[in-house]
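Undergrad: Dropping in start03.tsv, which is TSV, C-alpha atoms and all ligand atoms:
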```tsv
chain	number	residue	atom	x	y	z
I	1	MET	CA	-88.00	-26.57	72.09
I	2	THR	CA	-87.24	-25.79	68.44
I	3	PRO	CA	-83.61	-26.22	67.34
I	4	GLN	CA	-83.56	-22.47	66.73
I	5	ALA	CA	-84.48	-21.73	70.32
I	6	ALA	CA	-81.96	-24.34	71.47
I	7	ALA	CA	-79.24	-22.75	69.37
I	8	SER	CA	-80.01	-19.34	70.81
I	9	ASN	CA	-79.95	-20.27	74.49
I	10	GLY	CA	-76.86	-22.47	74.21
I	11	THR	CA	-78.43	-25.71	75.39
I	12	ASP	CA	-79.78	-28.65	73.46
I	13	GLU	CA	-82.53	-31.15	74.18
I	14	GLY	CA	-80.30	-33.22	76.49
I	15	GLY	CA	-79.44	-30.20	78.62
I	16	GLU	CA	-75.77	-30.37	77.56
I	17	SER	CA	-74.01	-27.33	76.24
I	18	ALA	CA	-74.83	-27.04	72.53
I	19	GLU	CA	-71.52	-25.27	72.15
I	20	ASP	CA	-69.37	-28.35	72.72
I	21	ARG	CA	-71.47	-30.98	70.96
I	22	VAL	CA	-71.11	-31.65	67.26
I	23	ARG	CA	-74.35	-32.86	65.69
I	24	ILE	CA	-73.89	-35.78	63.34
I	25	PHE	CA	-76.08	-35.42	60.25
I	26	ASP	CA	-75.93	-38.71	58.40
I	27	THR	CA	-76.62	-38.63	54.66
I	28	THR	CA	-75.71	-42.23	53.79
I	29	LEU	CA	-79.26	-42.83	52.54
I	30	ARG	CA	-79.39	-39.66	50.40
I	31	ASP	CA	-76.00	-38.35	49.19
I	32	GLY	CA	-74.39	-41.75	49.79
I	33	GLU	CA	-77.09	-43.67	48.00
I	34	GLN	CA	-76.88	-41.30	44.98
I	35	ALA	CA	-73.45	-42.72	44.05
I	36	PRO	CA	-73.27	-45.32	41.27
I	37	GLY	CA	-73.23	-48.84	42.73
I	38	PHE	CA	-74.69	-47.83	46.11
I	39	SER	CA	-78.42	-47.68	45.47
I	40	MET	CA	-80.57	-49.35	48.14
I	41	ASP	CA	-84.15	-50.52	48.02
I	42	ARG	CA	-86.76	-49.58	50.64
I	43	ARG	CA	-86.07	-52.57	52.85
I	44	ALA	CA	-82.33	-51.99	52.84
I	45	LYS	CA	-82.84	-48.29	53.61
I	46	LEU	CA	-85.11	-49.02	56.56
I	47	CYS	CA	-82.67	-51.55	57.94
I	48	MET	CA	-79.78	-49.05	57.62
I	49	ALA	CA	-81.91	-46.27	59.16
I	50	GLN	CA	-82.58	-48.41	62.23
I	51	ALA	CA	-78.87	-49.17	62.56
I	52	LEU	CA	-78.03	-45.47	62.21
I	53	GLU	CA	-80.53	-44.55	64.91
I	54	ALA	CA	-78.95	-47.16	67.21
I	55	LEU	CA	-75.54	-45.71	66.35
I	56	GLY	CA	-76.78	-42.38	67.69
I	57	VAL	CA	-76.84	-40.06	64.68
I	58	ASP	CA	-78.69	-36.82	65.49
I	59	ILE	CA	-80.22	-36.22	62.08
I	60	LEU	CA	-80.75	-38.83	59.39
I	61	GLU	CA	-81.29	-37.64	55.83
I	62	ALA	CA	-83.55	-40.39	54.53
I	63	GLY	CA	-83.86	-39.33	50.89
I	64	PHE	CA	-85.15	-36.92	48.28
I	65	PRO	CA	-88.92	-37.69	48.15
I	66	GLN	CA	-89.52	-35.80	44.90
I	67	ALA	CA	-86.87	-37.91	43.13
I	68	SER	CA	-89.00	-41.06	42.76
I	69	PRO	CA	-92.02	-42.87	44.26
I	70	ASP	CA	-89.62	-45.37	45.82
I	71	ASP	CA	-87.59	-42.61	47.48
I	72	PHE	CA	-90.83	-41.09	48.79
I	73	ALA	CA	-91.88	-44.47	50.21
I	74	ALA	CA	-88.46	-45.03	51.80
I	75	VAL	CA	-88.60	-41.64	53.56
I	76	ASP	CA	-92.17	-42.38	54.70
I	77	ASP	CA	-91.14	-45.83	56.07
I	78	ILE	CA	-88.21	-44.33	57.96
I	79	ALA	CA	-90.29	-41.41	59.28
I	80	ARG	CA	-92.79	-43.88	60.76
I	81	ALA	CA	-90.13	-46.18	62.21
I	82	LEU	CA	-87.61	-43.95	63.95
I	83	ARG	CA	-88.16	-42.82	67.55
I	84	SER	CA	-85.50	-40.36	68.65
I	85	THR	CA	-83.51	-39.39	65.56
I	86	THR	CA	-84.64	-36.41	63.48
I	87	VAL	CA	-85.67	-37.65	60.04
I	88	CYS	CA	-84.77	-35.26	57.25
I	89	ALA	CA	-85.89	-35.04	53.64
I	90	LEU	CA	-84.17	-33.09	50.87
I	91	ALA	CA	-86.05	-30.63	48.65
I	92	ARG	CA	-85.10	-28.15	45.96
I	93	CYS	CA	-86.31	-24.58	46.50
I	94	GLN	CA	-89.57	-25.35	44.71
I	95	SER	CA	-92.98	-25.54	46.35
I	96	GLY	CA	-93.78	-28.95	44.76
I	97	ASP	CA	-90.62	-30.47	46.22
I	98	ILE	CA	-91.25	-28.92	49.62
I	99	ASP	CA	-94.85	-30.14	49.81
I	100	THR	CA	-93.76	-33.66	48.78
I	101	ALA	CA	-91.00	-33.68	51.41
I	102	ALA	CA	-93.48	-32.56	54.06
I	103	ARG	CA	-95.92	-35.35	53.10
I	104	ALA	CA	-93.17	-37.97	53.25
I	105	LEU	CA	-92.22	-36.72	56.73
I	106	GLN	CA	-95.72	-36.32	58.15
I	107	HIS	CA	-95.49	-39.38	60.44
I	108	ALA	CA	-92.05	-38.57	61.86
I	109	ARG	CA	-91.71	-37.83	65.57
I	110	ARG	CA	-89.03	-35.29	64.73
I	111	SER	CA	-88.60	-33.99	61.21
I	112	ARG	CA	-86.50	-31.57	59.20
I	113	ILE	CA	-86.89	-30.20	55.69
I	114	HIS	CA	-83.53	-29.62	54.01
I	115	LEU	CA	-83.62	-27.04	51.23
I	116	PHE	CA	-80.80	-26.44	48.82
I	117	LEU	CA	-80.06	-23.87	46.15
I	118	SER	CA	-76.84	-23.10	44.30
I	119	THR	CA	-75.19	-19.81	45.19
I	120	SER	CA	-71.83	-19.79	43.35
I	121	PRO	CA	-71.33	-17.56	40.26
I	122	LEU	CA	-70.66	-20.65	38.11
I	123	HIS	CA	-73.90	-22.34	39.17
I	124	ARG	CA	-75.94	-19.11	39.10
I	125	GLU	CA	-74.91	-18.43	35.52
I	126	HIS	CA	-74.65	-21.88	33.94
I	127	LYS	CA	-77.01	-24.05	35.96
I	128	LEU	CA	-79.75	-21.76	37.23
I	129	GLY	CA	-79.62	-18.73	34.92
I	130	MET	CA	-80.47	-16.58	37.95
I	131	SER	CA	-79.14	-13.33	39.35
I	132	LYS	CA	-77.96	-13.01	42.96
I	133	ASN	CA	-81.24	-11.31	43.82
I	134	GLN	CA	-83.34	-14.05	42.26
I	135	VAL	CA	-81.37	-16.69	44.21
I	136	LEU	CA	-81.86	-14.73	47.43
I	137	GLU	CA	-85.60	-14.25	46.90
I	138	THR	CA	-86.15	-17.88	45.89
I	139	ALA	CA	-84.33	-19.07	49.03
I	140	ILE	CA	-86.37	-16.79	51.31
I	141	ALA	CA	-89.71	-17.76	49.76
I	142	SER	CA	-88.85	-21.45	49.99
I	143	ILE	CA	-87.73	-21.29	53.61
I	144	GLU	CA	-90.94	-19.44	54.53
I	145	HIS	CA	-92.96	-22.05	52.65
I	146	ALA	CA	-91.13	-24.95	54.35
I	147	ARG	CA	-91.62	-23.35	57.78
I	148	LYS	CA	-95.39	-23.61	57.25
I	149	HIS	CA	-94.91	-27.40	57.32
I	150	CYS	CA	-92.05	-27.83	59.75
I	151	ASP	CA	-90.31	-26.00	62.63
I	152	ASP	CA	-86.94	-27.38	61.70
I	153	VAL	CA	-85.66	-26.11	58.34
I	154	GLU	CA	-82.11	-26.36	57.05
I	155	PHE	CA	-80.85	-24.25	54.18
I	156	SER	CA	-77.86	-25.37	52.07
I	157	ALA	CA	-76.06	-22.96	49.77
I	158	GLU	CA	-74.90	-25.45	47.15
I	159	ASP	CA	-71.30	-24.87	46.00
I	160	ALA	CA	-70.84	-22.52	48.97
I	161	LEU	CA	-67.07	-22.81	48.93
I	162	ARG	CA	-66.94	-21.24	45.45
I	163	THR	CA	-69.46	-18.53	46.37
I	164	GLU	CA	-68.51	-14.92	47.17
I	165	PRO	CA	-68.31	-14.88	51.02
I	166	GLU	CA	-70.22	-11.55	51.16
I	167	PHE	CA	-73.12	-13.02	49.18
I	168	LEU	CA	-73.07	-16.15	51.31
I	169	ALA	CA	-73.28	-14.02	54.46
I	170	ASP	CA	-76.21	-12.06	52.93
I	171	ILE	CA	-78.15	-15.17	51.95
I	172	PHE	CA	-77.51	-16.86	55.32
I	173	SER	CA	-78.65	-13.69	57.17
I	174	ALA	CA	-81.84	-13.70	55.10
I	175	ALA	CA	-82.28	-17.44	55.69
I	176	ILE	CA	-82.21	-16.95	59.46
I	177	ALA	CA	-84.72	-14.12	59.22
I	178	ALA	CA	-86.99	-16.36	57.10
I	179	GLY	CA	-86.87	-19.14	59.73
I	180	ALA	CA	-84.00	-21.50	58.90
I	181	SER	CA	-82.27	-22.87	61.99
I	182	THR	CA	-79.39	-24.74	60.32
I	183	LEU	CA	-77.14	-23.16	57.69
I	184	ASN	CA	-75.07	-25.54	55.63
I	185	ALA	CA	-72.06	-24.49	53.56
I	186	PRO	CA	-71.31	-27.49	51.32
I	187	ASP	CA	-68.02	-27.99	49.54
I	188	THR	CA	-70.08	-29.57	46.77
I	189	VAL	CA	-67.16	-30.37	44.48
I	190	GLY	CA	-64.51	-31.18	47.11
I	191	TYR	CA	-62.35	-28.24	46.04
I	192	THR	CA	-61.49	-26.46	49.26
I	193	THR	CA	-58.64	-26.77	51.77
I	194	PRO	CA	-58.76	-26.86	55.59
I	195	ALA	CA	-57.28	-23.33	55.86
I	196	GLU	CA	-59.95	-21.94	53.51
I	197	MET	CA	-62.62	-23.75	55.48
I	198	VAL	CA	-61.49	-22.12	58.73
I	199	GLU	CA	-61.42	-18.72	57.06
I	200	LEU	CA	-64.93	-19.06	55.61
I	201	PHE	CA	-66.60	-20.34	58.79
I	202	ALA	CA	-64.92	-17.67	60.92
I	203	TYR	CA	-66.09	-15.03	58.42
I	204	LEU	CA	-69.66	-16.34	58.36
I	205	ARG	CA	-69.92	-16.51	62.12
I	206	SER	CA	-68.90	-12.88	62.41
I	207	HIS	CA	-70.76	-11.48	59.37
I	208	VAL	CA	-74.09	-13.34	59.33
I	209	ARG	CA	-76.81	-11.35	61.12
I	210	ASP	CA	-78.13	-13.13	64.24
I	211	ALA	CA	-75.61	-15.93	63.65
I	212	HIS	CA	-76.21	-17.19	67.20
I	213	LYS	CA	-79.76	-18.20	66.21
I	214	ALA	CA	-78.53	-20.90	63.81
I	215	VAL	CA	-76.31	-23.96	63.81
I	216	PHE	CA	-73.58	-23.78	61.16
I	217	SER	CA	-72.95	-26.97	59.23
I	218	ALA	CA	-70.25	-28.41	56.96
I	219	HIS	CA	-70.87	-30.86	54.13
I	220	CYS	CA	-67.66	-31.92	52.41
I	221	HIS	CA	-66.94	-34.04	49.37
I	222	ASP	CA	-63.73	-35.98	48.93
I	223	ASP	CA	-62.60	-35.18	45.37
I	224	LEU	CA	-59.14	-34.17	46.60
I	225	GLY	CA	-59.14	-36.51	49.61
I	226	MET	CA	-59.71	-33.68	52.11
I	227	ALA	CA	-63.37	-34.15	53.11
I	228	VAL	CA	-62.67	-35.26	56.68
I	229	ALA	CA	-59.89	-32.70	57.23
I	230	ASN	CA	-62.14	-29.96	55.84
I	231	SER	CA	-65.07	-31.01	58.06
I	232	LEU	CA	-62.83	-30.96	61.15
I	233	ALA	CA	-61.45	-27.57	60.11
I	234	ALA	CA	-65.02	-26.22	59.91
I	235	VAL	CA	-65.73	-27.62	63.37
I	236	SER	CA	-62.63	-25.94	64.75
I	237	ALA	CA	-63.99	-22.65	63.36
I	238	GLY	CA	-67.42	-23.05	64.96
I	239	ALA	CA	-69.48	-25.44	62.81
I	240	ARG	CA	-71.60	-27.59	65.13
I	241	GLN	CA	-73.10	-29.94	62.57
I	242	VAL	CA	-71.21	-32.14	60.13
I	243	GLU	CA	-72.84	-33.95	57.24
I	244	CYS	CA	-71.22	-37.28	56.52
I	245	THR	CA	-71.80	-40.88	55.45
I	246	ILE	CA	-70.87	-44.33	56.68
I	247	ASN	CA	-67.69	-45.54	54.93
I	248	GLY	CA	-67.54	-42.13	53.20
I	249	ILE	CA	-69.83	-43.24	50.36
I	250	GLY	CA	-71.29	-40.51	48.18
I	251	GLU	CA	-71.20	-38.65	44.88
I	252	ARG	CA	-67.97	-39.17	42.88
I	253	ALA	CA	-65.12	-39.69	45.41
I	254	GLY	CA	-67.65	-39.69	48.24
I	255	ASN	CA	-68.59	-37.62	51.29
I	256	ALA	CA	-66.71	-37.16	54.54
I	257	ALA	CA	-66.62	-40.50	56.40
I	258	LEU	CA	-68.72	-40.45	59.57
I	259	GLU	CA	-66.55	-42.99	61.41
I	260	GLU	CA	-63.39	-40.97	60.73
I	261	ILE	CA	-64.86	-37.66	61.93
I	262	VAL	CA	-66.34	-39.22	65.05
I	263	MET	CA	-63.14	-41.06	66.01
I	264	ALA	CA	-60.98	-38.00	65.29
I	265	LEU	CA	-63.15	-36.00	67.70
I	266	LYS	CA	-62.96	-38.78	70.28
I	267	VAL	CA	-59.28	-39.74	70.01
I	268	ARG	CA	-58.20	-36.08	69.85
I	269	ALA	CA	-60.77	-34.87	72.38
I	270	PRO	CA	-58.24	-32.72	74.29
I	271	HIS	CA	-57.39	-30.99	71.00
I	272	PHE	CA	-60.96	-30.31	69.86
I	273	GLY	CA	-62.73	-30.15	73.24
I	274	LEU	CA	-65.90	-31.42	71.53
I	275	HIS	CA	-68.02	-34.54	71.61
I	276	THR	CA	-70.75	-36.34	69.66
I	277	ARG	CA	-73.57	-38.64	70.75
I	278	ILE	CA	-72.34	-41.55	68.64
I	279	ASP	CA	-71.97	-44.95	70.31
I	280	THR	CA	-68.59	-45.63	68.72
I	281	ARG	CA	-68.77	-49.38	69.51
I	282	LYS	CA	-71.43	-49.60	66.81
I	283	LEU	CA	-69.25	-48.04	64.08
I	284	TYR	CA	-67.81	-51.30	62.75
I	285	PRO	CA	-71.11	-53.26	62.76
I	286	THR	CA	-72.84	-50.36	60.97
I	287	SER	CA	-70.06	-50.14	58.41
I	288	ARG	CA	-70.29	-53.91	57.80
I	289	LEU	CA	-74.06	-53.72	57.43
I	290	LEU	CA	-73.66	-51.10	54.70
I	291	THR	CA	-71.19	-53.28	52.80
I	292	GLN	CA	-73.69	-56.14	53.03
I	293	VAL	CA	-76.74	-54.20	51.83
I	294	THR	CA	-74.87	-52.49	48.97
I	295	GLY	CA	-72.61	-55.42	48.06
I	296	GLN	CA	-69.66	-52.98	47.95
I	297	ALA	CA	-66.60	-54.10	49.90
I	298	LEU	CA	-64.24	-51.73	51.69
I	299	PRO	CA	-60.56	-51.33	50.89
I	300	ARG	CA	-58.53	-53.23	53.52
I	301	ASN	CA	-56.71	-50.06	54.56
I	302	LYS	CA	-59.88	-47.97	55.15
I	303	ALA	CA	-59.36	-45.82	58.25
I	304	VAL	CA	-61.15	-46.94	61.44
I	305	VAL	CA	-63.23	-49.79	59.96
I	306	GLY	CA	-61.03	-51.47	57.31
I	307	GLU	CA	-59.72	-55.01	57.77
I	308	ASN	CA	-56.19	-53.69	58.33
I	309	ALA	CA	-57.14	-50.84	60.68
I	310	PHE	CA	-56.08	-52.92	63.71
I	311	ALA	CA	-53.85	-55.53	62.04
I	312	HIS	CA	-50.06	-55.66	62.30
I	313	GLU	CA	-47.75	-57.82	60.25
I	314	SER	CA	-44.27	-56.35	60.53
I	315	GLY	CA	-42.04	-57.97	63.14
I	316	ILE	CA	-40.93	-54.63	64.60
I	317	HIS	CA	-44.53	-53.45	65.05
I	318	GLN	CA	-45.69	-56.81	66.42
I	319	HIS	CA	-42.83	-56.82	68.93
I	320	GLY	CA	-43.81	-53.30	70.03
I	321	MET	CA	-47.50	-54.23	70.26
I	322	LEU	CA	-46.72	-57.26	72.44
I	323	LYS	CA	-44.91	-54.98	74.89
I	324	HIS	CA	-47.36	-52.04	74.85
I	325	ARG	CA	-50.32	-51.64	72.49
I	326	GLY	CA	-49.90	-47.87	72.50
I	327	THR	CA	-46.69	-48.24	70.50
I	328	TYR	CA	-48.60	-48.71	67.25
I	329	GLU	CA	-52.30	-48.17	68.03
I	330	ILE	CA	-53.93	-44.83	68.81
I	331	MET	CA	-57.37	-46.29	69.60
I	332	ARG	CA	-58.65	-49.58	70.98
I	333	PRO	CA	-60.36	-51.85	68.42
I	334	GLN	CA	-63.14	-52.48	70.97
I	335	ASP	CA	-63.95	-48.74	70.93
I	336	VAL	CA	-65.08	-49.02	67.32
I	337	GLY	CA	-66.71	-52.43	67.74
I	338	ILE	CA	-63.88	-54.65	66.47
I	339	ALA	CA	-63.26	-57.63	68.76
I	340	GLU	CA	-59.48	-57.49	68.92
I	341	THR	CA	-56.21	-56.44	67.34
I	342	THR	CA	-54.83	-59.04	64.94
I	343	LEU	CA	-51.17	-59.83	64.61
I	344	VAL	CA	-51.18	-61.18	61.07
I	345	LEU	CA	-48.42	-63.66	60.45
I	346	GLY	CA	-46.58	-63.19	57.17
I	347	LYS	CA	-43.10	-62.72	55.79
I	348	HIS	CA	-42.61	-59.50	57.77
I	349	SER	CA	-43.44	-61.08	61.12
I	350	GLY	CA	-40.90	-61.83	63.83
I	351	ARG	CA	-40.20	-64.62	66.34
I	352	HIS	CA	-42.13	-62.98	69.19
I	353	ALA	CA	-45.42	-62.95	67.31
I	354	LEU	CA	-44.83	-66.46	65.99
I	355	ARG	CA	-44.08	-67.80	69.47
I	356	GLN	CA	-47.13	-66.03	70.92
I	357	ARG	CA	-49.47	-67.47	68.29
I	358	LEU	CA	-48.05	-70.97	68.65
I	359	GLU	CA	-48.49	-70.78	72.42
I	360	ALA	CA	-52.08	-69.62	71.95
I	361	LEU	CA	-52.57	-72.74	69.82
I	362	GLY	CA	-51.06	-74.88	72.61
I	363	HIS	CA	-47.55	-75.44	71.22
I	364	ARG	CA	-44.46	-74.63	73.31
I	365	PHE	CA	-40.91	-74.90	71.95
I	366	ASP	CA	-37.47	-74.39	73.44
I	367	ASP	CA	-35.14	-71.87	71.78
I	368	ASN	CA	-33.42	-74.44	69.52
I	369	ALA	CA	-36.68	-75.90	68.25
I	370	MET	CA	-37.99	-72.38	67.79
I	371	ASP	CA	-34.95	-71.46	65.64
I	372	SER	CA	-35.60	-74.24	63.20
I	373	LEU	CA	-39.36	-73.66	63.19
I	374	PHE	CA	-38.85	-69.95	62.56
I	375	LYS	CA	-36.67	-70.75	59.50
I	376	ARG	CA	-39.35	-73.05	58.08
I	377	PHE	CA	-41.98	-70.39	58.86
I	378	LYS	CA	-40.07	-67.74	56.83
I	379	ILE	CA	-39.71	-70.08	53.83
I	380	LEU	CA	-43.43	-70.80	53.96
I	381	ALA	CA	-44.28	-67.10	54.40
I	382	ASP	CA	-42.30	-66.23	51.27
I	383	ARG	CA	-44.48	-68.71	49.40
I	384	LYS	CA	-47.82	-67.71	50.91
I	385	ARG	CA	-49.19	-64.20	51.52
I	386	GLU	CA	-50.67	-64.96	54.92
I	387	ILE	CA	-50.02	-67.77	57.34
I	388	ARG	CA	-53.20	-69.19	58.88
I	389	ASP	CA	-53.56	-71.20	62.09
I	390	GLU	CA	-53.88	-74.44	60.07
I	391	ASP	CA	-50.46	-73.73	58.52
I	392	LEU	CA	-48.96	-73.19	61.97
I	393	GLU	CA	-50.46	-76.41	63.28
I	394	ALA	CA	-48.83	-78.31	60.41
I	395	LEU	CA	-45.48	-76.56	60.97
I	396	ALA	CA	-45.61	-77.32	64.68
I	397	LEU	CA	-46.17	-81.00	63.91
I	398	GLY	CA	-43.21	-80.97	61.48
I	399	GLN	CA	-45.43	-81.37	58.42
I	400	ASP	CA	-45.50	-79.41	55.16
I	401	PRO	CA	-48.66	-77.25	55.35
I	402	ASP	CA	-49.18	-77.59	51.59
I	403	ALA	CA	-48.74	-81.36	51.50
B	501	LIG	O1	-73.00	-31.53	47.95
B	501	LIG	C1	-73.99	-30.79	48.07
B	501	LIG	O2	-73.94	-29.59	47.81
B	501	LIG	C2	-75.24	-31.41	48.49
B	501	LIG	C3	-76.35	-30.50	48.87
B	501	LIG	C4	-77.65	-31.00	48.39
B	501	LIG	C5	-76.33	-30.26	50.35
B	501	LIG	O3	-75.31	-32.61	48.64
B	502	ZN	ZN	-73.30	-33.51	48.75
```
Spell out the structure here as structure tokens.
TA:
Amino acid sequence: MTPQAAASNGTDEGGESAEDRVRIFDTTLRDGEQAPGFSMDRRAKLCMAQALEALGVDILEAGFPQASPDDFAAVDDIARALRSTTVCALARCQSGDIDTAARALQHARRSRIHLFLSTSPLHREHKLGMSKNQVLETAIASIEHARKHCDDVEFSAEDALRTEPEFLADIFSAAIAAGASTLNAPDTVGYTTPAEMVELFAYLRSHVRDAHKAVFSAHCHDDLGMAVANSLAAVSAGARQVECTINGIGERAGNAALEEIVMALKVRAPHFGLHTRIDTRKLYPTSRLLTQVTGQALPRNKAVVGENAFAHESGIHQHGMLKHRGTYEIMRPQDVGIAETTLVLGKHSGRHALRQRLEALGHRFDDNAMDSLFKRFKILADRKREIRDEDLEALALGQDPDA
């Protein structure tokens, strides 16, 4: 069944309701890889693509084949290797780009050509030098051309959030008529707000002709730190595809972070009433793999997958966690593939956490001994940022850990 047919009859390939599933379109290897410091060679891209397929992404944007011979080869490698995930290639609305994308995808079991063209007044005038009509006609001709190669064609109206909504509705209506089955409204420059996102998607769903024949998609950049909130706002207004990247890598401040969107939909499932096909236990390993292949570390406080995402140092929080984990954790670390919560011992930690860690290391103390040990622990913690098990062993034996 083509995605277009699936969209129109309300079911997808798995027989679930297409209405309550959000498709995860991963663009780590295209928009993510375009960012300075994140480029990946063919081998790294293939390795990431296999991890992303295992993670359960629905569509994987493997690259922009016209950009370079290496990008073409990477898309070709991935197209040959993947089994169930749709492999997507990006192309400008130019027949050369489209033909190259189709060649790079020819061995894919499932493929998609992703076309993009700017629609905003600023881009029409200063980047393209095209009128509205020329943009519309170019989009239609390109979609028709791409459909000769591939059943599954996505059209992106670049800078959609700064485009006149009436023109966007016109171009999306024409795109559906020309054969596009996914319509993407990117916030290319990360300018919009969640309320504006809701307004635009609600408008498009009611003003685009035959809107039910297409899947609406959001693609948000993080220039103002709102990419995930904006993606979720679009979903709440009917978008059923989100374009995102692992660890939120991407142009400038990055794209919406896949792991954050997926966990927001899961943790707040009663609020959204939607699901994805992502195996969330693979989020952390996939995030780690990306840091290894790009050599770019994550900030410790990165949501969902950062080193501190399930770590607690303050005594009050540790005390709460030891009584009931729900006091300070809204998701289980195991659900994102992290082995366990860590109670980090430092100057903010309390007696309960210290006693628990010492007992785990095999040391039991009565209350008096614990009082004196706790004092020595605090003096040490003021000196050191983090107290490791070796330090505790030395303290427990009455030695100076730094001696
Ligand atoms: O941000 C953007 O507009 C894009 C398009 C190519 C979809 O990345
Ligand atoms: Zn983008």
Undergrad: Show me which residues line ligand ZN 502 (chain B), defined as having an atom within 7 Å of a ligand atom where only C-alpha atoms and all ligand atoms count, and present them as an mmCIF file with C-alpha atoms, keeping the file's coordinate frame.
TA:
```
data_model
loop_
_atom_site.group_PDB
_atom_site.id
_atom_site.type_symbol
_atom_site.label_atom_id
_atom_site.label_comp_id
_atom_site.auth_asym_id
_atom_site.auth_seq_id
_atom_site.Cartn_x
_atom_site.Cartn_y
_atom_site.Cartn_z
ATOM 1 C CA ASP I 31 -76.000 -38.350 49.190
ATOM 2 C CA PRO I 186 -71.310 -27.490 51.320
ATOM 3 C CA THR I 188 -70.080 -29.570 46.770
ATOM 4 C CA HIS I 219 -70.870 -30.860 54.130
ATOM 5 C CA CYS I 220 -67.660 -31.920 52.410
ATOM 6 C CA HIS I 221 -66.940 -34.040 49.370
ATOM 7 C CA GLU I 251 -71.200 -38.650 44.880
ATOM 8 C CA ASN I 255 -68.590 -37.620 51.290
#
```
Undergrad: Please find the residues contacting ligand LIG 501 (chain B) at a distance of at most 9 Å between atoms, with all atoms listed in the file counted, and report them as a PyMOL selection string.
TA: chain I and resi 27+30-31+90-92+114-118+155-160+184-190+219-221+243+250-251+255
Undergrad: Please provide as a compact mmCIF listing (two decimals) with C-alpha atoms, keeping the file's coordinate frame all residues within 12 Å of Val267 in chain I, with the sequence filter that same-chain residues fewer than 5 positions apart are discarded (counting all atoms listed in the file).
TA:
```txt
# COMPACT_ATOMS: atom_id res chain seq x y z
CA GLU I 259 -66.55 -42.99 61.41
CA GLU I 260 -63.39 -40.97 60.73
CA ILE I 261 -64.86 -37.66 61.93
CA VAL I 262 -66.34 -39.22 65.05
CA PHE I 272 -60.96 -30.31 69.86
CA GLY I 273 -62.73 -30.15 73.24
CA LEU I 274 -65.90 -31.42 71.53
CA HIS I 275 -68.02 -34.54 71.61
CA THR I 276 -70.75 -36.34 69.66
CA THR I 280 -68.59 -45.63 68.72
CA VAL I 304 -61.15 -46.94 61.44
CA GLU I 329 -52.30 -48.17 68.03
CA ILE I 330 -53.93 -44.83 68.81
CA MET I 331 -57.37 -46.29 69.60
CA ARG I 332 -58.65 -49.58 70.98
CA ASP I 335 -63.95 -48.74 70.93
CA VAL I 336 -65.08 -49.02 67.32
```
Undergrad: Within 10 Å of Leu373 in chain I, counting only C-alpha atoms, which residues qualify if same-chain residues fewer than 5 places away don't, as a ChimeraX atom specification?
TA: /I:351,354-355,365,367-368,378,392,395-396,398
Undergrad: Select all residues near (-43.7, -59.9, 60.4) (cut-off 9 Å, inclusive, file coordinates), counting all atoms listed in the file, and output them as a PyMOL selection string.
TA: chain I and resi 312-318+343-351+353-354
Undergrad: Using CA of Ala89 in chain I and CA of Gln66 in chain I as the two end points, give the distance in Å to one decimal.
TA: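 Between CA of Ala89 in chain I and CA of Gln66 in chain I the gap is 9.5 Å.
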Undergrad: With all atoms listed in the file as the basis for distance, which of I:Glu33, I:Leu232, I:Ala202, I:Pro69 is at the shortest distance from Gly248 in chain I?
TA: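 Residue with the minimum atom-to-atom distance to Gly248 in chain I: I:Glu33.
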Undergrad: Set the distance at 9 Å and use all atoms listed in the file: which residues neighbour Gly337 in chain I once local chain neighbours fewer than 5 positions away are removed? I'd like the list as a VMD selection string.
TA: chain I and resid 280 to 285 305
Undergrad: Please produce a file of those selected residues containing C-alpha atoms, as a PDB file, in the coordinates of the input.
TA:
```pdb
ATOM      1  CA  THR I 280     -68.590 -45.630  68.720  1.00  0.00           C
ATOM      2  CA  ARG I 281     -68.770 -49.380  69.510  1.00  0.00           C
ATOM      3  CA  LYS I 282     -71.430 -49.600  66.810  1.00  0.00           C
ATOM      4  CA  LEU I 283     -69.250 -48.040  64.080  1.00  0.00           C
ATOM      5  CA  TYR I 284     -67.810 -51.300  62.750  1.00  0.00           C
ATOM      6  CA  PRO I 285     -71.110 -53.260  62.760  1.00  0.00           C
ATOM      7  CA  VAL I 305     -63.230 -49.790  59.960  1.00  0.00           C
TER       8      VAL I 305
END
```
Undergrad: With all atoms listed in the file as the atoms that count, which of I:Asp58, I:Asp371, I:Asp151, I:Asp170 lies nearest to Val135 in chain I?
TA: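 With all atoms listed in the file as the atom set, the closest residue is I:Asp170.
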Undergrad: Please indicate the distance in Å from CA of Pro165 in chain I to CA of Leu265 in chain I, rounded to one decimal place.
TA: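 So the answer is 27.4 Å.
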Undergrad: Pick out the closest residue to Arg388 in chain I from this set: I:Glu166, I:Asp402, I:Glu307, I:Glu196. Count all atoms listed in the file.
TA: I:Asp402
Undergrad: At what distance in Å, to one decimal, does CA of Arg383 in chain I lie from CA of Glu359 in chain I?
TA: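 Atom-to-atom, CA of Glu359 in chain I and CA of Arg383 in chain I are spaced 23.5 Å apart.
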